[in-house]
$ cat data37.tsv   # TSV, C-alpha atoms and all ligand atoms
chain	number	residue	atom	x	y	z
O	16	MET	CA	79.31	-38.02	24.57
O	17	SER	CA	77.06	-36.09	26.83
O	18	THR	CA	78.08	-33.10	28.88
O	19	GLY	CA	77.55	-34.98	32.12
O	20	ILE	CA	79.98	-37.72	31.14
O	21	ILE	CA	82.58	-35.13	30.10
O	22	LEU	CA	82.23	-33.37	33.46
O	23	ALA	CA	82.44	-36.68	35.35
O	24	ILE	CA	85.78	-37.41	33.67
O	25	ALA	CA	87.18	-33.88	33.70
O	26	ILE	CA	86.57	-33.04	37.37
O	27	PRO	CA	88.62	-35.94	38.83
O	28	VAL	CA	91.37	-35.33	36.30
O	29	ILE	CA	91.49	-31.67	37.28
O	30	PHE	CA	91.67	-32.59	40.97
O	31	VAL	CA	94.46	-35.04	40.36
O	32	LEU	CA	96.44	-32.58	38.27
O	33	GLY	CA	95.91	-29.86	40.91
O	34	ALA	CA	97.15	-32.16	43.64
O	35	VAL	CA	100.26	-33.04	41.63
O	36	VAL	CA	101.01	-29.38	40.93
O	37	ALA	CA	100.52	-28.48	44.60
O	38	SER	CA	102.80	-31.22	45.83
O	39	VAL	CA	105.52	-30.33	43.38
O	40	SER	CA	105.35	-26.64	44.24
O	41	LEU	CA	105.39	-27.31	47.98
O	42	ARG	CA	108.28	-29.68	47.81
O	43	ARG	CA	111.38	-28.23	49.36
O	44	ARG	CA	114.08	-27.61	46.93
O	45	ASP	CA	116.84	-28.16	49.41
O	46	VAL	CA	115.87	-31.67	50.38
O	47	SER	CA	118.25	-33.25	47.95
O	48	GLY	CA	121.25	-31.07	48.55
O	49	LEU	CA	122.59	-27.62	48.03
O	50	GLY	CA	122.22	-25.71	44.78
O	51	TYR	CA	119.59	-28.02	43.46
O	52	LEU	CA	118.04	-26.85	40.20
O	53	SER	CA	115.04	-28.35	38.60
O	54	ARG	CA	115.31	-30.12	35.31
O	55	GLU	CA	113.49	-27.32	33.51
O	56	THR	CA	115.84	-24.73	34.97
O	57	ARG	CA	118.90	-26.71	34.02
O	58	ARG	CA	117.58	-27.19	30.47
O	59	ARG	CA	116.82	-23.49	30.16
O	60	ASP	CA	120.30	-22.65	31.43
O	61	GLU	CA	121.84	-25.02	28.92
O	62	MET	CA	119.82	-23.53	26.10
O	63	ALA	CA	120.82	-20.02	27.21
O	64	ALA	CA	124.45	-21.04	27.40
O	65	ALA	CA	124.30	-22.70	24.03
O	66	SER	CA	122.73	-19.65	22.48
O	67	ALA	CA	125.45	-17.53	24.11
O	68	GLY	CA	128.18	-19.84	22.86
O	69	ALA	CA	129.39	-20.87	26.28
O	70	THR	CA	129.58	-24.26	27.99
O	71	PRO	CA	128.22	-25.00	31.46
O	72	ALA	CA	131.80	-25.17	32.72
O	73	GLU	CA	132.09	-21.47	31.95
O	74	ASP	CA	129.29	-20.73	34.31
O	75	ASP	CA	131.80	-19.82	37.08
O	76	ALA	CA	132.87	-16.96	34.84
O	77	GLY	CA	129.42	-15.46	35.33
O	78	VAL	CA	127.96	-16.42	32.01
O	79	PHE	CA	124.65	-17.33	33.66
O	80	GLY	CA	124.72	-14.52	36.19
O	81	VAL	CA	125.52	-16.78	39.25
O	82	SER	CA	129.11	-16.60	40.43
O	83	SER	CA	130.95	-19.30	42.31
O	84	GLU	CA	131.20	-16.93	45.34
O	85	ALA	CA	127.45	-16.72	45.45
O	86	ARG	CA	127.20	-20.47	45.36
O	87	GLU	CA	129.71	-20.79	48.16
O	88	LEU	CA	127.81	-18.26	50.19
O	89	GLU	CA	124.61	-20.12	49.58
O	90	ARG	CA	126.30	-23.36	50.64
O	91	ALA	CA	127.69	-21.78	53.81
O	92	VAL	CA	124.29	-20.36	54.76
O	93	ALA	CA	122.67	-23.74	54.18
O	94	LEU	CA	125.31	-25.42	56.30
O	95	GLU	CA	124.68	-22.94	59.10
O	96	ARG	CA	120.98	-23.71	58.99
O	97	ARG	CA	121.57	-27.40	59.40
O	98	PRO	CA	120.95	-28.73	62.90
O	99	PRO	CA	124.08	-29.81	64.67
O	100	PRO	CA	124.77	-33.49	64.51
O	101	VAL	CA	123.55	-35.45	67.51
O	102	ALA	CA	126.36	-37.04	69.43
O	103	VAL	CA	125.73	-40.76	69.87
O	104	ASP	CA	127.78	-42.55	72.45
O	105	GLU	CA	129.37	-45.79	71.56
O	106	PRO	CA	127.43	-48.64	73.17
O	107	ALA	CA	129.33	-50.10	76.09
O	108	LEU	CA	130.39	-53.68	75.80
O	109	PRO	CA	128.84	-56.12	78.30
O	110	GLN	CA	131.14	-57.01	81.14
O	111	ASP	CA	131.37	-60.16	83.28
O	112	TRP	CA	129.69	-59.75	86.72
O	113	ALA	CA	131.93	-60.13	89.72
O	114	PRO	CA	130.67	-60.17	93.34
O	115	PRO	CA	131.58	-57.10	95.37
O	116	PRO	CA	134.24	-57.46	98.06
O	117	ALA	CA	133.02	-58.89	101.36
O	118	ALA	CA	134.32	-55.86	103.26
O	119	GLU	CA	131.97	-53.64	101.23
O	120	VAL	CA	128.90	-55.83	101.49
O	121	GLY	CA	129.21	-56.72	105.23
O	122	VAL	CA	126.81	-59.58	106.00
O	123	THR	CA	124.76	-61.05	103.20
O	124	ARG	CA	121.19	-62.22	103.63
O	125	ARG	CA	122.27	-65.85	103.35
O	126	GLN	CA	124.96	-65.37	106.01
O	127	PHE	CA	122.47	-63.61	108.29
O	128	LEU	CA	119.93	-66.43	108.02
O	129	ASN	CA	122.56	-69.13	108.51
O	130	ARG	CA	124.02	-67.46	111.57
O	131	SER	CA	120.58	-66.76	113.05
O	132	SER	CA	119.61	-70.41	112.66
O	133	VAL	CA	122.81	-71.58	114.33
O	134	ILE	CA	122.41	-69.12	117.22
O	135	LEU	CA	118.77	-70.08	117.77
O	136	MET	CA	119.57	-73.79	117.75
O	137	ALA	CA	122.51	-73.30	120.10
O	138	THR	CA	120.38	-71.22	122.47
O	139	GLY	CA	117.59	-73.80	122.48
O	140	LEU	CA	119.97	-76.69	123.09
O	141	GLY	CA	121.80	-74.76	125.80
O	142	THR	CA	118.56	-73.94	127.61
O	143	PHE	CA	117.37	-77.52	127.37
O	144	ASN	CA	120.69	-78.85	128.68
O	145	ALA	CA	120.70	-76.35	131.55
O	146	ALA	CA	117.18	-77.41	132.52
O	147	MET	CA	118.19	-81.07	132.41
O	148	ILE	CA	121.26	-80.47	134.56
O	149	ALA	CA	119.23	-78.44	137.06
O	150	PHE	CA	116.66	-81.24	137.20
O	151	LEU	CA	119.26	-83.96	137.74
O	152	TRP	CA	121.50	-81.97	140.09
O	153	PRO	CA	121.39	-83.41	143.61
O	154	ARG	CA	119.28	-81.35	145.94
O	155	PRO	CA	120.97	-79.74	148.90
O	156	THR	CA	120.59	-81.63	152.12
O	157	GLY	CA	120.42	-80.27	155.59
O	158	GLY	CA	117.96	-77.44	154.96
O	159	PHE	CA	114.23	-77.20	155.42
O	160	GLY	CA	112.55	-79.84	153.28
O	161	SER	CA	115.06	-82.49	154.22
O	162	LYS	CA	116.16	-84.29	157.33
O	163	VAL	CA	117.49	-81.55	159.63
O	164	LYS	CA	119.84	-82.10	162.51
O	165	ILE	CA	118.84	-79.66	165.26
O	166	GLY	CA	121.50	-80.64	167.78
O	167	THR	CA	122.50	-83.23	170.28
O	168	VAL	CA	120.03	-84.67	172.76
O	169	ASP	CA	121.64	-82.65	175.53
O	170	SER	CA	121.51	-79.37	173.63
O	171	VAL	CA	117.88	-79.88	172.64
O	172	ASP	CA	116.91	-80.73	176.23
O	173	GLU	CA	118.77	-77.66	177.41
O	174	ALA	CA	116.90	-75.49	174.87
O	175	ILE	CA	113.57	-76.88	176.06
O	176	ALA	CA	114.50	-76.31	179.69
O	177	SER	CA	115.67	-72.76	179.08
O	178	GLY	CA	112.28	-71.87	177.61
O	179	THR	CA	112.89	-70.28	174.23
O	180	PRO	CA	110.72	-68.48	173.21
O	181	ALA	CA	108.81	-69.14	176.41
O	182	GLU	CA	108.89	-71.50	179.32
O	183	ASN	CA	108.23	-75.09	178.16
O	184	PHE	CA	108.54	-74.07	174.49
O	185	SER	CA	111.58	-74.34	172.21
O	186	TYR	CA	111.83	-73.10	168.66
O	187	PHE	CA	114.37	-74.29	166.04
O	188	SER	CA	114.43	-72.06	162.99
O	189	GLU	CA	116.39	-74.53	160.82
O	190	ALA	CA	113.42	-76.91	161.07
O	191	ARG	CA	110.81	-74.11	161.27
O	192	SER	CA	109.40	-76.11	164.12
O	193	TYR	CA	108.74	-76.08	167.81
O	194	ILE	CA	110.37	-79.09	169.47
O	195	GLN	CA	108.14	-79.82	172.44
O	196	PRO	CA	108.71	-82.33	175.18
O	197	TYR	CA	106.15	-85.09	175.25
O	198	PRO	CA	105.26	-86.83	178.54
O	199	THR	CA	106.53	-90.40	178.49
O	200	ASP	CA	104.47	-91.78	181.32
O	201	ALA	CA	102.54	-94.92	180.52
O	202	ALA	CA	99.07	-93.31	180.55
O	203	THR	CA	100.02	-90.52	178.19
O	204	LEU	CA	101.82	-92.86	175.83
O	205	ALA	CA	98.80	-95.10	175.79
O	206	ASN	CA	96.70	-92.13	174.72
O	207	ALA	CA	99.27	-91.28	172.07
O	208	GLU	CA	99.26	-94.79	170.71
O	209	ALA	CA	95.50	-94.59	170.38
O	210	THR	CA	95.73	-91.43	168.32
O	211	TYR	CA	99.06	-91.24	166.55
O	212	GLY	CA	101.04	-93.69	164.56
O	213	GLY	CA	104.10	-94.21	162.45
O	214	SER	CA	107.25	-92.16	162.80
O	215	VAL	CA	105.45	-89.34	164.65
O	216	LEU	CA	104.48	-91.77	167.41
O	217	GLU	CA	108.07	-93.07	167.53
O	218	GLY	CA	109.27	-89.54	168.21
O	219	MET	CA	106.70	-89.11	170.95
O	220	LYS	CA	107.95	-92.25	172.62
O	221	LEU	CA	111.42	-90.68	172.59
O	222	GLY	CA	109.95	-87.69	174.43
O	223	TYR	CA	109.74	-85.20	171.53
O	224	VAL	CA	107.12	-83.82	169.22
O	225	ALA	CA	108.09	-81.50	166.35
O	226	LEU	CA	105.28	-79.04	165.54
O	227	TRP	CA	105.38	-77.14	162.26
O	228	GLN	CA	105.03	-73.41	162.90
O	229	VAL	CA	102.28	-73.01	160.27
O	230	CYS	CA	98.69	-72.75	161.44
O	231	PRO	CA	96.56	-75.42	159.69
O	232	HIS	CA	93.72	-72.92	159.31
O	233	LEU	CA	95.10	-70.40	156.81
O	234	GLY	CA	98.85	-70.65	157.24
O	235	CYS	CA	99.81	-67.93	159.75
O	236	LYS	CA	102.85	-68.49	161.91
O	237	VAL	CA	101.60	-69.58	165.31
O	238	PRO	CA	103.33	-67.99	168.32
O	239	VAL	CA	103.29	-69.32	171.83
O	240	CYS	CA	101.57	-67.80	174.80
O	241	GLY	CA	103.65	-68.00	177.94
O	242	SER	CA	100.70	-67.23	180.26
O	243	SER	CA	98.24	-69.80	178.89
O	244	GLN	CA	101.01	-72.24	177.95
O	245	TRP	CA	99.23	-72.82	174.66
O	246	PHE	CA	99.89	-71.91	171.07
O	247	GLU	CA	97.58	-69.05	170.08
O	248	CYS	CA	97.22	-68.00	166.45
O	249	PRO	CA	96.97	-64.21	166.03
O	250	CYS	CA	95.07	-64.39	162.74
O	251	HIS	CA	91.75	-65.98	163.71
O	252	GLY	CA	92.33	-67.08	167.26
O	253	SER	CA	92.87	-70.84	166.95
O	254	LYS	CA	94.42	-72.28	170.06
O	255	TYR	CA	96.43	-75.46	170.60
O	256	ASN	CA	97.88	-77.08	173.70
O	257	ARG	CA	101.60	-77.53	174.25
O	258	VAL	CA	101.80	-80.58	171.99
O	259	GLY	CA	99.76	-79.00	169.19
O	260	GLU	CA	96.33	-80.50	169.82
O	261	LYS	CA	93.55	-78.10	168.97
O	262	LYS	CA	91.63	-76.55	171.86
O	263	SER	CA	89.53	-73.86	170.13
O	264	GLY	CA	89.15	-71.65	167.06
O	265	PRO	CA	88.42	-72.19	163.36
O	266	ALA	CA	91.36	-74.48	162.58
O	267	PRO	CA	90.23	-77.84	161.09
O	268	ARG	CA	92.71	-79.94	163.14
O	269	GLY	CA	95.68	-79.83	165.40
O	270	MET	CA	99.09	-78.47	164.32
O	271	ASP	CA	100.92	-80.46	161.66
O	272	ARG	CA	104.10	-82.22	162.72
O	273	PHE	CA	107.30	-83.91	161.58
O	274	PRO	CA	108.95	-87.19	162.58
O	275	VAL	CA	111.71	-86.93	165.17
O	276	THR	CA	114.56	-89.44	165.43
O	277	ILE	CA	117.71	-89.75	167.50
O	278	GLU	CA	120.84	-91.04	165.76
O	279	ASP	CA	124.21	-91.25	167.49
O	280	GLY	CA	123.11	-88.87	170.18
O	281	ASN	CA	121.81	-86.29	167.69
O	282	VAL	CA	118.20	-85.19	167.23
O	283	PHE	CA	116.90	-85.08	163.66
O	284	VAL	CA	113.65	-83.63	162.36
O	285	ASP	CA	112.56	-84.91	158.95
O	286	THR	CA	110.96	-81.76	157.50
O	287	GLY	CA	110.39	-83.56	154.18
O	288	ARG	CA	107.66	-85.74	155.69
O	289	VAL	CA	104.87	-83.67	157.21
O	290	SER	CA	102.03	-85.40	159.03
O	291	GLN	CA	98.66	-83.80	159.47
O	292	GLY	CA	97.72	-82.77	162.98
O	293	PRO	CA	95.30	-84.80	165.09
O	294	ALA	CA	91.57	-84.42	164.70
O	295	ILE	CA	89.52	-81.89	166.65
O	296	GLY	CA	88.87	-83.13	170.17
O	297	THR	CA	92.17	-84.96	170.55
O	298	ASP	CA	93.66	-84.42	174.00
O	299	THR	CA	96.34	-86.94	174.86
O	300	THR	CA	98.08	-84.94	177.60
O	301	GLY	CA	95.10	-83.42	179.40
O	302	GLN	CA	96.83	-80.03	179.60
O	303	GLY	CA	94.35	-77.34	180.48
O	304	LEU	CA	94.53	-73.56	180.36
O	305	GLU	CA	97.29	-72.44	182.74
O	306	GLY	CA	96.70	-68.68	182.63
O	307	PRO	CA	95.13	-65.86	180.67
O	308	HIS	CA	95.11	-65.96	176.86
O	309	CYS	CA	97.45	-63.81	174.85
O	310	ARG	CA	94.89	-63.52	171.99
O	311	ALA	CA	91.18	-63.00	172.29
S	1	LIG	S1	95.37	-68.83	160.44
S	1	LIG	FE1	95.49	-69.45	162.45
S	1	LIG	S2	93.51	-69.39	163.06
S	1	LIG	FE2	93.35	-68.75	161.04
$ encode --input "data37.tsv" --output "structure tokens"
Amino acid sequence: MSTGIILAIAIPVIFVLGAVVASVSLRRRDVSGLGYLSRETRRRDEMAAASAGATPAEDDAGVFGVSSEARELERAVALERRPPPVAVDEPALPQDWAPPPAAEVGVTRRQFLNRSSVILMATGLGTFNAAMIAFLWPRPTGGFGSKVKIGTVDSVDEAIASGTPAENFSYFSEARSYIQPYPTDAATLANAEATYGGSVLEGMKLGYVALWQVCPHLGCKVPVCGSSQWFECPCHGSKYNRVGEKKSGPAPRGMDRFPVTIEDGNVFVDTGRVSQGPAIGTDTTGQGLEGPHCRA
């Protein structure tokens, strides 16, 4: 066997033996309990005891040089060096879930959503019903927009004669209209029949014309002018004669008007049925300027 082969075998064996020796020497002697003695030590002690004529049981008498007090001391020191035991709590047993009391929780999410839905539906239905009732509720009668009774024939004639707001003019606020006398002579009525028609003409034949106070140009309220005996609009200067026929200005037509009827001695103005004023150039009464203008 060559030297190389011997070295190849010997070196690994030496390493293995060295590793075994190192692990044995580094091993803690107290891992397997207190007072542990290796097998060689115990055998040596037994041989020493046998040669001395004593049994291992007599060891406590100090035959081997280690007293029982020393062993107790060693045990107590080892016990002191031990880490304290870790307290482990007992695992709690699972418990059945029970919902918390309603007084603690208040309103749950489900309750909130349910109540919100009900409130929203009730509000929507209530609003819809209110709108339907308001739509179907009978409209008030007697005010502007309906057939308005302005008084008896005598009281209306008296108002015209007294000249309110000016001589030959009478204003009735409930109808927002001027109730003007219309000449009932044959020539004037013939002119009226050639221009007007329907319920407005019927009122003229009764001797009345109801002129809406709104200027047909841009909607200003048209006042009267006592000196000229015309209506004269302050906004842009349109002028109309006593029965609302346009004389001058930018207005596109004469003053708008309502039908007038007489029922049981009472005068009614139907403010729900407005008729457009006559065309420019209409002059059924022939009334000219009777004095200076109130507006330029
Ligand atoms: S609003 Fe009356 S003339 Fe323009």
$ closest_residue --input "data37.tsv" --among "O:Gly234, O:Gly241, O:Gly160, O:Gly213" --to "O:Thr179" --atoms "all atoms listed in the file"
O:Gly241
$ closest_residue --input "data37.tsv" --among "O:Gly218, O:Gly296, O:Pro231, O:Gly306" --to "O:Pro274" --atoms "only C-alpha atoms"
O:Gly218
$ residues_near_ligand --input "data37.tsv" --ligand "ligand LIG 1 (chain S)" --cutoff "6 Å" --atoms "only C-alpha atoms and all ligand atoms" --output "NGL selection string"
:O and (230 or 232-235 or 248 or 250-253 or 265-266)
$ closest_residue --input "data37.tsv" --among "O:Trp245, O:Cys240, O:Glu278, O:Thr286" --to "O:Leu304" --atoms "only C-alpha atoms"
O:Trp245
$ residues_around --input "data37.tsv" --residues "O:Ser170" --least-positions-apart "5" --cutoff "10 Å" --atoms "all atoms listed in the file" --output "mmCIF file with C-alpha atoms, in the coordinates of the input"
data_model
loop_
_atom_site.group_PDB
_atom_site.id
_atom_site.type_symbol
_atom_site.label_atom_id
_atom_site.label_comp_id
_atom_site.auth_asym_id
_atom_site.auth_seq_id
_atom_site.Cartn_x
_atom_site.Cartn_y
_atom_site.Cartn_z
ATOM 1 C CA ILE O 165 118.840 -79.660 165.260
ATOM 2 C CA ILE O 175 113.570 -76.880 176.060
ATOM 3 C CA ALA O 176 114.500 -76.310 179.690
ATOM 4 C CA ASN O 281 121.810 -86.290 167.690
ATOM 5 C CA VAL O 282 118.200 -85.190 167.230
#
$ closest_residue --input "data37.tsv" --among "O:Ala209, O:Ala294, O:Cys309, O:Val224" --to "O:Tyr193" --atoms "all atoms listed in the file"
O:Val224
$ residues_near_point --input "data37.tsv" --point "(107.1, -77.1, 178.2)" --cutoff "12 Å" --atoms "all atoms listed in the file" --output "number ranges by chain"
O: 172-186, 193-198, 222-224, 239-246, 256-259, 300, 302, 305
$ atom_distance --input "data37.tsv" --atom1 "atom CA of O:Arg268" --atom2 "atom CA of O:Ser290"
11.6 Å
$ atom_distance --input "data37.tsv" --atom1 "atom CA of O:Val103" --atom2 "atom CA of O:Arg90"
25.9 Å
$ atom_distance --input "data37.tsv" --atom1 "atom CA of O:Gly269" --atom2 "atom CA of O:Lys236"
13.9 Å
$ residues_around --input "data37.tsv" --residues "O:Ser192" --least-positions-apart "6" --cutoff "6 Å" --atoms "all atoms listed in the file" --output "list in words"
Tyr186, Ala225, Leu226, Trp227 and Gln228 of chain O
